[in-house]
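Engineer: Provided herewith: protein.cif, mmCIF, C-alpha atoms.
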data_data
#
loop_
_atom_site.label_atom_id
_atom_site.label_comp_id
_atom_site.auth_asym_id
_atom_site.auth_seq_id
_atom_site.Cartn_x
_atom_site.Cartn_y
_atom_site.Cartn_z
CA MET A 29 -130.86 15.31 0.55
CA ASN A 30 -133.26 17.09 -1.79
CA PRO A 31 -136.32 18.89 -0.35
CA THR A 32 -138.81 16.33 -1.71
CA THR A 33 -137.01 13.40 -0.08
CA LYS A 34 -136.71 15.29 3.18
CA ARG A 35 -140.43 16.11 3.14
CA ARG A 36 -141.37 12.48 2.43
CA LEU A 37 -139.18 11.28 5.31
CA ILE A 38 -140.85 13.77 7.66
CA GLN A 39 -144.28 12.62 6.50
CA ALA A 40 -143.37 8.95 6.95
CA LEU A 41 -141.93 9.62 10.41
CA LEU A 42 -145.04 11.53 11.48
CA PHE A 43 -147.19 8.62 10.29
CA ILE A 44 -145.17 6.09 12.29
CA ILE A 45 -145.27 8.27 15.42
CA THR A 46 -149.03 8.76 14.97
CA LEU A 47 -149.52 5.01 14.58
CA VAL A 48 -147.72 4.52 17.90
CA THR A 49 -149.61 7.30 19.72
CA THR A 50 -153.04 6.18 18.47
CA THR A 51 -152.19 2.61 19.49
CA LEU A 52 -151.21 3.84 22.96
CA ALA A 53 -154.43 5.85 23.21
CA GLY A 54 -156.51 2.95 21.91
CA THR A 55 -154.98 0.64 24.50
CA GLU A 56 -155.84 3.07 27.28
CA TRP A 57 -159.43 3.51 26.14
CA GLN A 58 -159.90 -0.21 25.64
CA TYR A 59 -158.65 -1.22 29.08
CA GLY A 60 -159.72 1.82 31.07
CA ARG A 61 -156.37 2.78 32.52
CA PHE A 62 -153.21 4.59 31.46
CA ILE A 63 -150.04 2.97 30.20
CA PHE A 64 -148.05 4.30 33.15
CA ASN A 65 -150.58 3.26 35.77
CA GLU A 66 -148.54 2.90 38.97
CA THR A 67 -150.50 0.00 40.43
CA ASN A 68 -151.47 -1.87 37.27
CA PRO A 69 -149.50 -0.68 34.22
CA LEU A 70 -150.40 -1.83 30.72
CA THR A 71 -147.79 -4.17 29.25
CA TRP A 72 -146.48 -4.79 25.74
CA GLU A 73 -149.17 -7.43 25.26
CA TYR A 74 -151.87 -4.84 25.88
CA PHE A 75 -150.15 -2.39 23.53
CA LEU A 76 -150.40 -4.88 20.66
CA LYS A 77 -154.13 -5.17 21.27
CA GLY A 78 -154.36 -1.41 20.86
CA PHE A 79 -153.86 -1.90 17.11
CA SER A 80 -157.52 -2.97 16.99
CA PHE A 81 -158.29 0.73 17.52
CA SER A 82 -155.42 2.47 15.75
CA ILE A 83 -155.56 0.51 12.47
CA PRO A 84 -159.27 1.10 11.69
CA PHE A 85 -159.14 4.68 13.02
CA LEU A 86 -156.00 5.66 11.12
CA GLY A 87 -157.27 3.74 8.11
CA ILE A 88 -160.38 5.92 7.94
CA LEU A 89 -158.31 9.07 8.47
CA THR A 90 -155.84 8.04 5.76
CA VAL A 91 -158.53 7.26 3.19
CA HIS A 92 -160.12 10.65 3.95
CA GLU A 93 -156.89 12.56 3.35
CA PHE A 94 -155.96 10.61 0.24
CA GLY A 95 -159.43 11.31 -1.11
CA HIS A 96 -158.48 14.99 -1.03
CA TYR A 97 -154.97 14.27 -2.35
CA PHE A 98 -155.90 12.19 -5.39
CA THR A 99 -158.75 14.52 -6.34
CA ALA A 100 -156.39 17.49 -6.19
CA LYS A 101 -153.97 15.55 -8.40
CA LYS A 102 -156.80 14.77 -10.84
CA HIS A 103 -157.49 18.50 -11.17
CA LYS A 104 -153.76 19.22 -11.49
CA VAL A 105 -153.76 21.22 -8.24
CA ALA A 106 -150.40 20.78 -6.53
CA SER A 107 -150.68 19.34 -3.02
CA THR A 108 -148.59 17.48 -0.49
CA LEU A 109 -149.06 14.00 0.88
CA PRO A 110 -150.76 13.95 4.31
CA TYR A 111 -148.96 15.28 7.36
CA TYR A 112 -150.13 13.23 10.35
CA LEU A 113 -150.29 15.07 13.67
CA PRO A 114 -149.50 12.83 16.67
CA MET A 115 -150.94 13.70 20.06
CA TRP A 116 -150.90 11.58 23.20
CA PHE A 117 -151.31 12.73 26.82
CA GLY A 118 -151.23 9.39 28.61
CA PHE A 119 -147.87 10.21 30.17
CA LEU A 120 -149.66 13.11 31.91
CA GLY A 121 -152.52 10.91 33.04
CA LEU A 122 -154.90 12.61 30.59
CA PRO A 123 -157.09 10.94 27.94
CA SER A 124 -156.52 11.49 24.22
CA ILE A 125 -157.18 9.76 20.92
CA GLY A 126 -153.54 9.79 19.85
CA THR A 127 -153.74 12.35 17.06
CA TRP A 128 -154.89 15.81 16.10
CA GLY A 129 -155.76 14.37 12.68
CA ALA A 130 -153.92 14.81 9.40
CA VAL A 131 -153.71 17.56 6.80
CA ILE A 132 -152.63 17.94 3.23
CA ARG A 133 -151.30 21.25 2.06
CA ILE A 134 -152.84 22.60 -1.15
CA LYS A 135 -149.92 24.35 -2.84
CA GLY A 136 -151.61 25.13 -6.13
CA PHE A 137 -154.27 27.70 -6.97
CA VAL A 138 -157.88 26.50 -6.92
CA ASN A 139 -159.66 28.66 -9.48
CA SER A 140 -163.17 27.21 -9.80
CA ARG A 141 -166.22 26.13 -7.83
CA LYS A 142 -165.99 22.68 -9.40
CA LYS A 143 -162.43 22.09 -8.20
CA TYR A 144 -163.16 23.33 -4.67
CA PHE A 145 -166.27 21.15 -4.60
CA ASP A 146 -164.52 18.01 -5.86
CA ILE A 147 -161.51 18.34 -3.56
CA GLY A 148 -163.68 19.21 -0.56
CA ILE A 149 -166.23 16.43 -0.96
CA ALA A 150 -163.81 13.62 -1.87
CA GLY A 151 -162.23 13.26 1.59
CA PRO A 152 -165.38 12.97 3.72
CA LEU A 153 -167.13 10.65 1.25
CA ALA A 154 -164.13 8.33 0.96
CA GLY A 155 -163.61 8.20 4.73
CA PHE A 156 -167.33 7.74 5.31
CA VAL A 157 -167.44 4.62 3.14
CA VAL A 158 -164.61 3.04 5.14
CA ALA A 159 -166.26 4.12 8.42
CA LEU A 160 -169.39 2.22 7.39
CA GLY A 161 -167.29 -0.91 6.93
CA VAL A 162 -165.60 -0.44 10.30
CA LEU A 163 -168.93 0.03 12.07
CA PHE A 164 -170.46 -2.95 10.30
CA TYR A 165 -167.59 -5.16 11.41
CA GLY A 166 -167.72 -3.79 14.95
CA PHE A 167 -171.46 -4.30 15.42
CA THR A 168 -171.46 -7.76 13.84
CA HIS A 169 -168.46 -9.03 15.85
CA LEU A 170 -169.39 -8.00 19.37
CA PRO A 171 -167.92 -10.10 22.17
CA PRO A 172 -170.19 -11.79 24.74
CA PRO A 173 -171.75 -9.38 27.28
CA GLU A 174 -169.47 -10.85 30.00
CA TYR A 175 -166.52 -9.26 28.17
CA ILE A 176 -167.09 -6.06 30.14
CA PHE A 177 -166.17 -7.89 33.36
CA GLU A 178 -162.63 -8.34 31.97
CA ILE A 179 -162.33 -4.56 31.82
CA HIS A 180 -164.36 -3.79 34.96
CA PRO A 181 -164.19 -6.82 37.27
CA GLU A 182 -165.93 -4.69 39.92
CA TYR A 183 -169.11 -4.83 37.81
CA ALA A 184 -169.38 -8.60 38.20
CA GLU A 185 -171.12 -8.39 41.57
CA TYR A 186 -174.05 -6.63 39.89
CA GLY A 187 -174.32 -9.12 37.04
CA LEU A 188 -175.35 -8.08 33.53
CA ASN A 189 -177.70 -5.46 34.99
CA TYR A 190 -174.67 -3.53 36.26
CA ALA A 191 -175.82 -0.34 34.49
CA ASP A 192 -178.62 0.09 37.03
CA SER A 193 -176.05 0.47 39.82
CA VAL A 194 -172.67 1.68 38.60
CA TYR A 195 -173.60 4.90 36.76
CA GLN A 196 -175.77 6.52 39.41
CA ASP A 197 -174.35 9.77 40.84
CA GLN A 198 -170.91 9.06 39.44
CA PRO A 199 -169.17 12.37 38.71
CA GLY A 200 -166.64 12.20 35.92
CA SER A 201 -168.28 9.28 34.14
CA PHE A 202 -167.85 9.50 30.40
CA LYS A 203 -170.00 8.24 27.58
CA VAL A 204 -170.28 8.83 23.87
CA GLY A 205 -173.34 10.48 22.41
CA THR A 206 -175.20 9.16 19.43
CA THR A 207 -176.11 9.94 15.85
CA LEU A 208 -178.91 8.84 13.56
CA LEU A 209 -176.53 6.50 11.75
CA PHE A 210 -175.07 5.09 14.96
CA GLU A 211 -178.58 4.33 16.19
CA PHE A 212 -179.30 2.55 12.91
CA PHE A 213 -176.31 0.27 13.44
CA LYS A 214 -177.37 -0.42 17.02
CA GLU A 215 -180.92 -1.28 16.04
CA TYR A 216 -180.63 -3.03 12.68
CA VAL A 217 -177.06 -4.29 12.27
CA THR A 218 -176.31 -5.74 15.71
CA VAL A 219 -176.92 -9.48 15.42
CA ASP A 220 -177.41 -10.12 19.15
CA GLN A 221 -178.85 -7.17 21.08
CA SER A 222 -177.72 -8.70 24.40
CA ARG A 223 -174.12 -8.05 23.33
CA LEU A 224 -174.70 -4.36 22.64
CA PRO A 225 -172.51 -2.29 24.99
CA ASN A 226 -173.82 0.45 27.24
CA ASP A 227 -173.01 3.95 25.93
CA HIS A 228 -170.61 4.39 28.87
CA GLU A 229 -168.64 1.32 27.76
CA ILE A 230 -168.35 1.83 23.99
CA ILE A 231 -164.83 3.18 24.58
CA HIS A 232 -163.80 -0.39 25.46
CA TYR A 233 -164.95 -1.73 22.08
CA PRO A 234 -162.20 -0.48 19.75
CA TRP A 235 -163.84 -1.04 16.36
CA ILE A 236 -167.09 0.60 17.40
CA PHE A 237 -165.28 3.45 19.15
CA ALA A 238 -163.08 4.04 16.09
CA GLY A 239 -166.19 4.05 13.91
CA TYR A 240 -168.01 6.47 16.20
CA LEU A 241 -165.03 8.85 16.16
CA ALA A 242 -165.01 8.59 12.37
CA LEU A 243 -168.66 9.68 12.25
CA PHE A 244 -167.84 12.57 14.60
CA PHE A 245 -164.95 13.79 12.45
CA THR A 246 -166.94 13.27 9.25
CA ALA A 247 -169.68 15.52 10.64
CA LEU A 248 -167.10 18.01 11.88
CA ASN A 249 -165.56 18.28 8.42
CA LEU A 250 -168.96 18.46 6.71
CA ILE A 251 -170.32 21.35 8.79
CA PRO A 252 -171.45 23.59 5.90
CA ILE A 253 -169.69 26.74 7.08
CA GLY A 254 -166.66 28.63 5.82
CA GLN A 255 -163.74 26.66 4.41
CA LEU A 256 -164.48 23.33 6.05
CA ASP A 257 -165.08 20.50 3.59
CA GLY A 258 -168.81 21.05 4.04
CA GLY A 259 -168.25 24.74 3.36
CA HIS A 260 -166.58 23.87 0.03
CA VAL A 261 -169.55 21.64 -0.80
CA LEU A 262 -172.12 24.31 0.06
CA TYR A 263 -170.12 26.95 -1.85
CA GLY A 264 -170.13 24.71 -4.90
CA LEU A 265 -173.88 24.24 -4.62
CA LEU A 266 -174.84 27.87 -3.96
CA GLY A 267 -172.13 30.13 -5.35
CA ASN A 268 -170.42 33.04 -3.62
CA ARG A 269 -173.26 35.50 -2.95
CA LEU A 270 -175.81 33.03 -1.55
CA HIS A 271 -173.15 31.04 0.29
CA ARG A 272 -172.07 34.09 2.29
CA LYS A 273 -175.62 34.62 3.54
CA VAL A 274 -176.30 30.96 4.31
CA SER A 275 -172.91 30.33 5.92
CA ALA A 276 -173.28 33.36 8.20
CA SER A 277 -176.83 32.36 9.15
CA LEU A 278 -175.81 28.77 9.90
CA PHE A 279 -172.92 30.04 12.01
CA VAL A 280 -175.25 32.18 14.13
CA VAL A 281 -177.65 29.25 14.61
CA PHE A 282 -174.72 26.97 15.47
CA ILE A 283 -173.48 29.31 18.19
CA PHE A 284 -177.02 29.84 19.49
CA TYR A 285 -177.44 26.09 19.99
CA ALA A 286 -173.92 25.57 21.38
CA GLY A 287 -174.37 28.20 24.08
CA LEU A 288 -177.83 27.17 25.29
CA GLY A 289 -177.69 26.70 29.06
CA THR A 290 -174.33 28.45 29.45
CA VAL A 291 -175.94 31.18 31.53
CA HIS A 292 -179.03 30.36 33.62
CA PRO A 293 -181.38 33.11 34.90
CA TYR A 294 -181.81 31.13 38.12
CA GLU A 295 -178.15 31.22 39.12
CA ALA A 296 -177.00 33.24 42.12
CA SER A 297 -177.12 36.96 41.34
CA ASP A 298 -173.37 37.44 41.95
CA ASP A 299 -172.61 34.74 39.38
CA LEU A 300 -174.90 36.41 36.87
CA LEU A 301 -173.37 39.84 37.40
CA LEU A 302 -169.93 38.45 36.55
CA GLY A 303 -170.89 35.74 34.07
CA ILE A 304 -173.16 37.68 31.74
CA PRO A 305 -170.65 40.39 30.69
CA LEU A 306 -167.90 37.80 30.26
CA TYR A 307 -170.10 35.55 28.15
CA ILE A 308 -171.37 38.40 25.98
CA GLY A 309 -167.77 39.47 25.47
CA PHE A 310 -166.90 35.92 24.41
CA LEU A 311 -169.81 35.89 21.96
CA TYR A 312 -168.63 39.20 20.53
CA ILE A 313 -165.16 37.75 19.95
CA ILE A 314 -166.73 34.81 18.12
CA PHE A 315 -168.84 37.11 15.95
CA SER A 316 -166.25 39.85 15.52
CA ARG A 317 -165.51 38.85 11.91
CA LEU A 318 -169.12 38.24 10.92
CA THR A 319 -169.34 41.73 9.37
CA PRO A 320 -166.98 44.72 9.08
CA SER A 321 -169.26 46.67 11.45
CA PHE A 322 -168.54 46.63 15.20
CA GLN A 323 -172.11 47.73 15.94
CA THR A 324 -173.62 44.90 13.89
CA ASN A 325 -171.38 42.27 15.46
CA ILE A 326 -172.10 43.37 19.03
CA LEU A 327 -175.84 43.46 18.22
CA VAL A 328 -175.65 39.89 16.91
CA ALA A 329 -173.83 38.82 20.09
CA LEU A 330 -176.48 40.52 22.25
CA ALA A 331 -179.32 39.02 20.20
CA VAL A 332 -177.91 35.49 20.47
CA PHE A 333 -177.36 35.89 24.22
CA SER A 334 -180.89 37.28 24.70
CA ALA A 335 -182.42 34.36 22.79
CA GLN A 336 -180.40 31.84 24.81
CA PHE A 337 -181.34 33.57 28.07
CA LEU A 338 -185.02 33.60 27.08
CA VAL A 339 -184.99 29.87 26.29
CA ALA A 340 -183.32 29.14 29.64
CA SER A 341 -185.98 31.25 31.38
CA PHE A 342 -188.75 29.08 29.96
CA ASP A 343 -186.99 25.74 30.51
CA PRO A 344 -183.66 25.63 32.41
CA MET A 345 -183.24 21.97 31.43
CA ILE A 346 -182.70 22.86 27.76
CA HIS A 347 -179.01 22.95 27.00
CA GLY A 348 -176.69 22.97 24.03
CA TYR A 349 -173.15 21.63 23.97
CA GLN A 350 -170.40 23.94 25.15
CA GLY A 351 -167.78 21.93 23.32
CA TRP A 352 -169.27 23.34 20.13
CA LEU A 353 -168.57 26.85 21.48
CA VAL A 354 -164.86 26.02 21.37
CA PHE A 355 -165.17 24.90 17.77
CA GLY A 356 -167.29 27.97 17.04
CA PHE A 357 -164.45 30.12 18.35
CA LEU A 358 -162.03 28.37 15.96
CA LEU A 359 -164.44 28.95 13.08
CA GLY A 360 -165.11 32.58 13.93
CA ARG A 361 -161.55 33.64 14.68
CA ILE A 362 -159.21 31.28 12.82
CA LEU A 363 -160.80 29.11 10.13
CA GLY A 364 -163.27 31.74 8.96
CA ILE A 365 -166.99 31.56 8.24
CA TYR A 366 -166.79 32.76 4.64
CA HIS A 367 -165.40 31.06 1.54
CA PRO A 368 -162.88 32.79 -0.73
CA PRO A 369 -164.37 33.73 -4.13
CA VAL A 370 -163.15 31.97 -7.26
CA MET A 371 -162.36 33.13 -10.78
CA ILE A 372 -164.48 30.50 -12.54
CA ASP A 373 -167.88 30.62 -10.84
CA HIS A 374 -169.88 28.34 -13.12
CA PRO A 375 -172.74 26.27 -11.64
CA LEU A 376 -172.10 22.59 -10.94
CA SER A 377 -173.36 19.76 -13.11
CA THR A 378 -176.48 17.88 -12.04
CA GLY A 379 -174.42 14.89 -10.93
CA ARG A 380 -172.26 17.03 -8.67
CA LYS A 381 -175.33 18.74 -7.22
CA ILE A 382 -176.78 15.35 -6.30
CA MET A 383 -173.47 14.37 -4.65
CA GLY A 384 -173.42 17.68 -2.78
CA TRP A 385 -176.87 17.22 -1.30
CA LEU A 386 -175.95 13.62 -0.47
CA ALA A 387 -172.90 14.90 1.44
CA LEU A 388 -175.10 17.26 3.45
CA LEU A 389 -177.44 14.35 4.20
CA ILE A 390 -174.42 12.38 5.43
CA PHE A 391 -173.60 15.33 7.69
CA ILE A 392 -177.07 15.11 9.24
CA LEU A 393 -176.75 11.33 9.71
CA CYS A 394 -173.32 11.66 11.35
CA PHE A 395 -173.86 14.78 13.46
CA SER A 396 -174.34 14.42 17.19
CA PRO A 397 -175.77 17.40 19.12
CA GLU A 398 -173.84 16.17 22.18
CA PRO A 399 -171.01 13.91 20.94
CA PHE A 400 -169.26 13.32 24.28
CA VAL A 401 -170.93 13.50 27.68
CA ILE A 402 -169.18 13.90 31.02
CA ALA A 403 -171.29 13.74 34.17
CA TYR A 404 -170.71 16.42 36.82
#
Can the structure from this file be put into structure tokens for me?
Structural biologist:
Amino acid sequence: MNPTTKRRLIQALLFIITLVTTTLAGTEWQYGRFIFNETNPLTWEYFLKGFSFSIPFLGILTVHEFGHYFTAKKHKVASTLPYYLPMWFGFLGLPSIGTWGAVIRIKGFVNSRKKYFDIGIAGPLAGFVVALGVLFYGFTHLPPPEYIFEIHPEYAEYGLNYADSVYQDQPGSFKVGTTLLFEFFKEYVTVDQSRLPNDHEIIHYPWIFAGYLALFFTALNLIPIGQLDGGHVLYGLLGNRLHRKVSASLFVVFIFYAGLGTVHPYEASDDLLLGIPLYIGFLYIIFSRLTPSFQTNILVALAVFSAQFLVASFDPMIHGYQGWLVFGFLLGRILGIYHPPVMIDHPLSTGRKIMGWLALLIFILCFSPEPFVIAY
């Protein structure tokens, strides 16, 4: 078997496994229990219904990756077909979405701003268009409001005003956040507002949940930092010198917001004595590749902590989203916050500049400051 055939078989197998794992995950989200639930396991019939999540979700992901792939081919940059990354934790009794995503491997050399820009922007824009279609279908084909009683029969005793009773003081309750675009669909696309699900229950509406996840991953990819797709877009718009300054500044602001509320000045003194040094150390690790200078990086970490602490002193209710700290760690330590320079550094055409600013607008529309909320 030649290497190309072997690679294609691996890619096909990974896609099939990912289709199965996302269907399993979609079934569990839709029906609110795990496949291997001891008292009420989900059957084959339920599994088939899970395709209403996995097909739109994987469809968006696939279009995104092939947007990168075909654009790379257009520029004669060698690349692989997508490698899908299955991931499912239902057998451990833990929630998941069935996949880590998918990646293509760029094997050729990208030598210009234009090529980086085109390859970077193609995936998010292509996936975004399909996500709009998925959301439109989901919000225009909502089931009757009584549908939720099929998933949560215990809500029936409260009637359609169940939200006033079932979410109060309920540790561990989960709900999705929102975005500007998601709010637009809720307000202007939903045909019958009485059918609109509560934010805690969107996970049981597979098309809407798949669309929301697509917006989340679109925003994640379009964060205009480093070598993310949004970083390629911003690099194409600004060039190497200005991009380094803007990317670093955006990264500092991103971490400042993410860590708001992590340390409160009104906590017990023992907690502060232990927590503050650990948190500052964590911030230093995140910023350790910001500049070649140890002194500068530790000063940035101290400045960000001081600003966060000052905000918490004025209003302890202000908080960021600590999940973004995890992603900030990946950016700072693994993915990188700077873009590699290119040989051909010519400015983009006017048309590409317009598309670039449009992509950054899409990032704003899709970004959620708090994408997933768990009550404690």
Engineer: Which centre and which edge lengths, in Å to one decimal, describe the axis-aligned box that holds all listed atoms of segment 343-355 of chain A after 3 Å is added on each side, as JSON?
Structural biologist:
{"center_x": -175.9, "center_y": 24.2, "center_z": 25.1, "size_x": 28.1, "size_y": 11.2, "size_z": 20.6}
Engineer: Could you write out as an MDAnalysis selection string the residues that the PyMOL selection byres ((chain A and resi 128-131) around 6) matches in the shown file?
Structural biologist: chainID A and resid 110:113 115 127 132
Engineer: Skipping near chain neighbours, those fewer than 4 positions away, what residues fall within 12 Å of Pro69 of chain A using all atoms listed in the file, listed as a list in words?
Structural biologist: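 In the requested form, the answer reads Thr55, Glu56, Tyr59, Gly60, Arg61, Phe62, Ile63, Phe64, Asn65, Glu73, Tyr74, Phe75, Gly118 and Phe119 of chain A.
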Engineer: Please evaluate the PyMOL selection byres ((chain A and resi 150-166) around 9) against the displayed coordinates and give the resulting residues as a PyMOL selection string.
Structural biologist: chain A and resi 84-85+87-99+145-149+167-170+210+213+217-218+233-240+242-243+245-247+249-250+257-258+387+390
Engineer: Given the selection you just returned, output its residues as a file containing C-alpha atoms, formatted as a PDB file, in the coordinates of the input.
Structural biologist:
ATOM      1  CA  PRO A  84    -159.270   1.100  11.690  1.00  0.00           C
ATOM      2  CA  PHE A  85    -159.140   4.680  13.020  1.00  0.00           C
ATOM      3  CA  GLY A  87    -157.270   3.740   8.110  1.00  0.00           C
ATOM      4  CA  ILE A  88    -160.380   5.920   7.940  1.00  0.00           C
ATOM      5  CA  LEU A  89    -158.310   9.070   8.470  1.00  0.00           C
ATOM      6  CA  THR A  90    -155.840   8.040   5.760  1.00  0.00           C
ATOM      7  CA  VAL A  91    -158.530   7.260   3.190  1.00  0.00           C
ATOM      8  CA  HIS A  92    -160.120  10.650   3.950  1.00  0.00           C
ATOM      9  CA  GLU A  93    -156.890  12.560   3.350  1.00  0.00           C
ATOM     10  CA  PHE A  94    -155.960  10.610   0.240  1.00  0.00           C
ATOM     11  CA  GLY A  95    -159.430  11.310  -1.110  1.00  0.00           C
ATOM     12  CA  HIS A  96    -158.480  14.990  -1.030  1.00  0.00           C
ATOM     13  CA  TYR A  97    -154.970  14.270  -2.350  1.00  0.00           C
ATOM     14  CA  PHE A  98    -155.900  12.190  -5.390  1.00  0.00           C
ATOM     15  CA  THR A  99    -158.750  14.520  -6.340  1.00  0.00           C
ATOM     16  CA  PHE A 145    -166.270  21.150  -4.600  1.00  0.00           C
ATOM     17  CA  ASP A 146    -164.520  18.010  -5.860  1.00  0.00           C
ATOM     18  CA  ILE A 147    -161.510  18.340  -3.560  1.00  0.00           C
ATOM     19  CA  GLY A 148    -163.680  19.210  -0.560  1.00  0.00           C
ATOM     20  CA  ILE A 149    -166.230  16.430  -0.960  1.00  0.00           C
ATOM     21  CA  PHE A 167    -171.460  -4.300  15.420  1.00  0.00           C
ATOM     22  CA  THR A 168    -171.460  -7.760  13.840  1.00  0.00           C
ATOM     23  CA  HIS A 169    -168.460  -9.030  15.850  1.00  0.00           C
ATOM     24  CA  LEU A 170    -169.390  -8.000  19.370  1.00  0.00           C
ATOM     25  CA  PHE A 210    -175.070   5.090  14.960  1.00  0.00           C
ATOM     26  CA  PHE A 213    -176.310   0.270  13.440  1.00  0.00           C
ATOM     27  CA  VAL A 217    -177.060  -4.290  12.270  1.00  0.00           C
ATOM     28  CA  THR A 218    -176.310  -5.740  15.710  1.00  0.00           C
ATOM     29  CA  TYR A 233    -164.950  -1.730  22.080  1.00  0.00           C
ATOM     30  CA  PRO A 234    -162.200  -0.480  19.750  1.00  0.00           C
ATOM     31  CA  TRP A 235    -163.840  -1.040  16.360  1.00  0.00           C
ATOM     32  CA  ILE A 236    -167.090   0.600  17.400  1.00  0.00           C
ATOM     33  CA  PHE A 237    -165.280   3.450  19.150  1.00  0.00           C
ATOM     34  CA  ALA A 238    -163.080   4.040  16.090  1.00  0.00           C
ATOM     35  CA  GLY A 239    -166.190   4.050  13.910  1.00  0.00           C
ATOM     36  CA  TYR A 240    -168.010   6.470  16.200  1.00  0.00           C
ATOM     37  CA  ALA A 242    -165.010   8.590  12.370  1.00  0.00           C
ATOM     38  CA  LEU A 243    -168.660   9.680  12.250  1.00  0.00           C
ATOM     39  CA  PHE A 245    -164.950  13.790  12.450  1.00  0.00           C
ATOM     40  CA  THR A 246    -166.940  13.270   9.250  1.00  0.00           C
ATOM     41  CA  ALA A 247    -169.680  15.520  10.640  1.00  0.00           C
ATOM     42  CA  ASN A 249    -165.560  18.280   8.420  1.00  0.00           C
ATOM     43  CA  LEU A 250    -168.960  18.460   6.710  1.00  0.00           C
ATOM     44  CA  ASP A 257    -165.080  20.500   3.590  1.00  0.00           C
ATOM     45  CA  GLY A 258    -168.810  21.050   4.040  1.00  0.00           C
ATOM     46  CA  ALA A 387    -172.900  14.900   1.440  1.00  0.00           C
ATOM     47  CA  ILE A 390    -174.420  12.380   5.430  1.00  0.00           C
TER      48      ILE A 390
END
Engineer: So the first atom is atom CA of Gly287 of chain A and the second is atom CA of Gln323 of chain A; what is the distance between them in Å, to one decimal place?
Structural biologist: 21.3 Å
Engineer: Taking the file as shown, find all residues satisfying the PyMOL selection byres ((chain A and resi 393) around 9) and write them as a list in words.
Structural biologist: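 For this structure, the PyMOL selection byres ((chain A and resi 393) around 9) captures Thr207, Leu208, Leu209, Phe210, Leu243, Ala247, Leu388, Leu389, Ile390, Phe391, Ile392, Cys394, Phe395 and Ser396 of chain A.
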Engineer: Using all atoms listed in the file, find the one residue out of A:Tyr312, A:Tyr307, A:Tyr144, A:Phe43 that sits nearest to Leu109 of chain A.
Structural biologist: A:Phe43
Engineer: Hey, which of A:Val261, A:Ala53, A:Ala40, A:Val328 ends up closest to Ile231 of chain A? Count all atoms listed in the file.
Structural biologist: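 Going through A:Val261, A:Ala53, A:Ala40, A:Val328 one by one, the smallest distance to Ile231 of chain A is for A:Ala53.
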Engineer: Can you tell me, as a ChimeraX atom specification, what residues are no more than 12 Å from segment 180-183 of chain A when counting all atoms listed in the file, ignoring any on the same chain fewer than 6 positions away?
Structural biologist: /A:58-61,173-174,189-195,228-229,232
Engineer: Using all atoms listed in the file for the distances, tell me which of A:Gly54, A:Gly351, A:Gly205, A:Pro225 is nearest to Ser124 of chain A.
Structural biologist: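 Using all atoms listed in the file, Ser124 of chain A sits closest to A:Gly54.
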Engineer: So, with only C-alpha atoms as the atoms that count, which of A:Asn68, A:Ser321, A:Asn30, A:Thr206 lies closest to Ile230 of chain A?
Structural biologist: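 Comparing A:Asn68, A:Ser321, A:Asn30, A:Thr206 against Ile230 of chain A, the winner is A:Thr206.
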Engineer: Please work out which residues fall within 12 Å of (-178.8, 28.3, 14.3), coordinates as given in the file, with all atoms listed in the file counting, and return them as number ranges by chain.
Structural biologist: A: 253, 274-288, 332, 335-336, 348, 356
Engineer: Could you jot down the atom CA of Leu70 of chain A to atom CA of Ser222 of chain A separation for me, Å, one decimal place?
Structural biologist: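 These two atoms are separated by 28.9 Å.
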Engineer: Please identify all polymer residues within 8 Å of Leu262 of chain A, counting all atoms listed in the file, omitting same-chain residues fewer than 3 positions from it, and present them as a ChimeraX atom specification.
Structural biologist: /A:252-253,258-259,265-267,271,384
Engineer: Could you tell me how far atom CA of Lys102 of chain A sits from atom CA of Gly136 of chain A, in Å to one decimal place?
Structural biologist: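 Distance between the two atoms: 12.5 Å.
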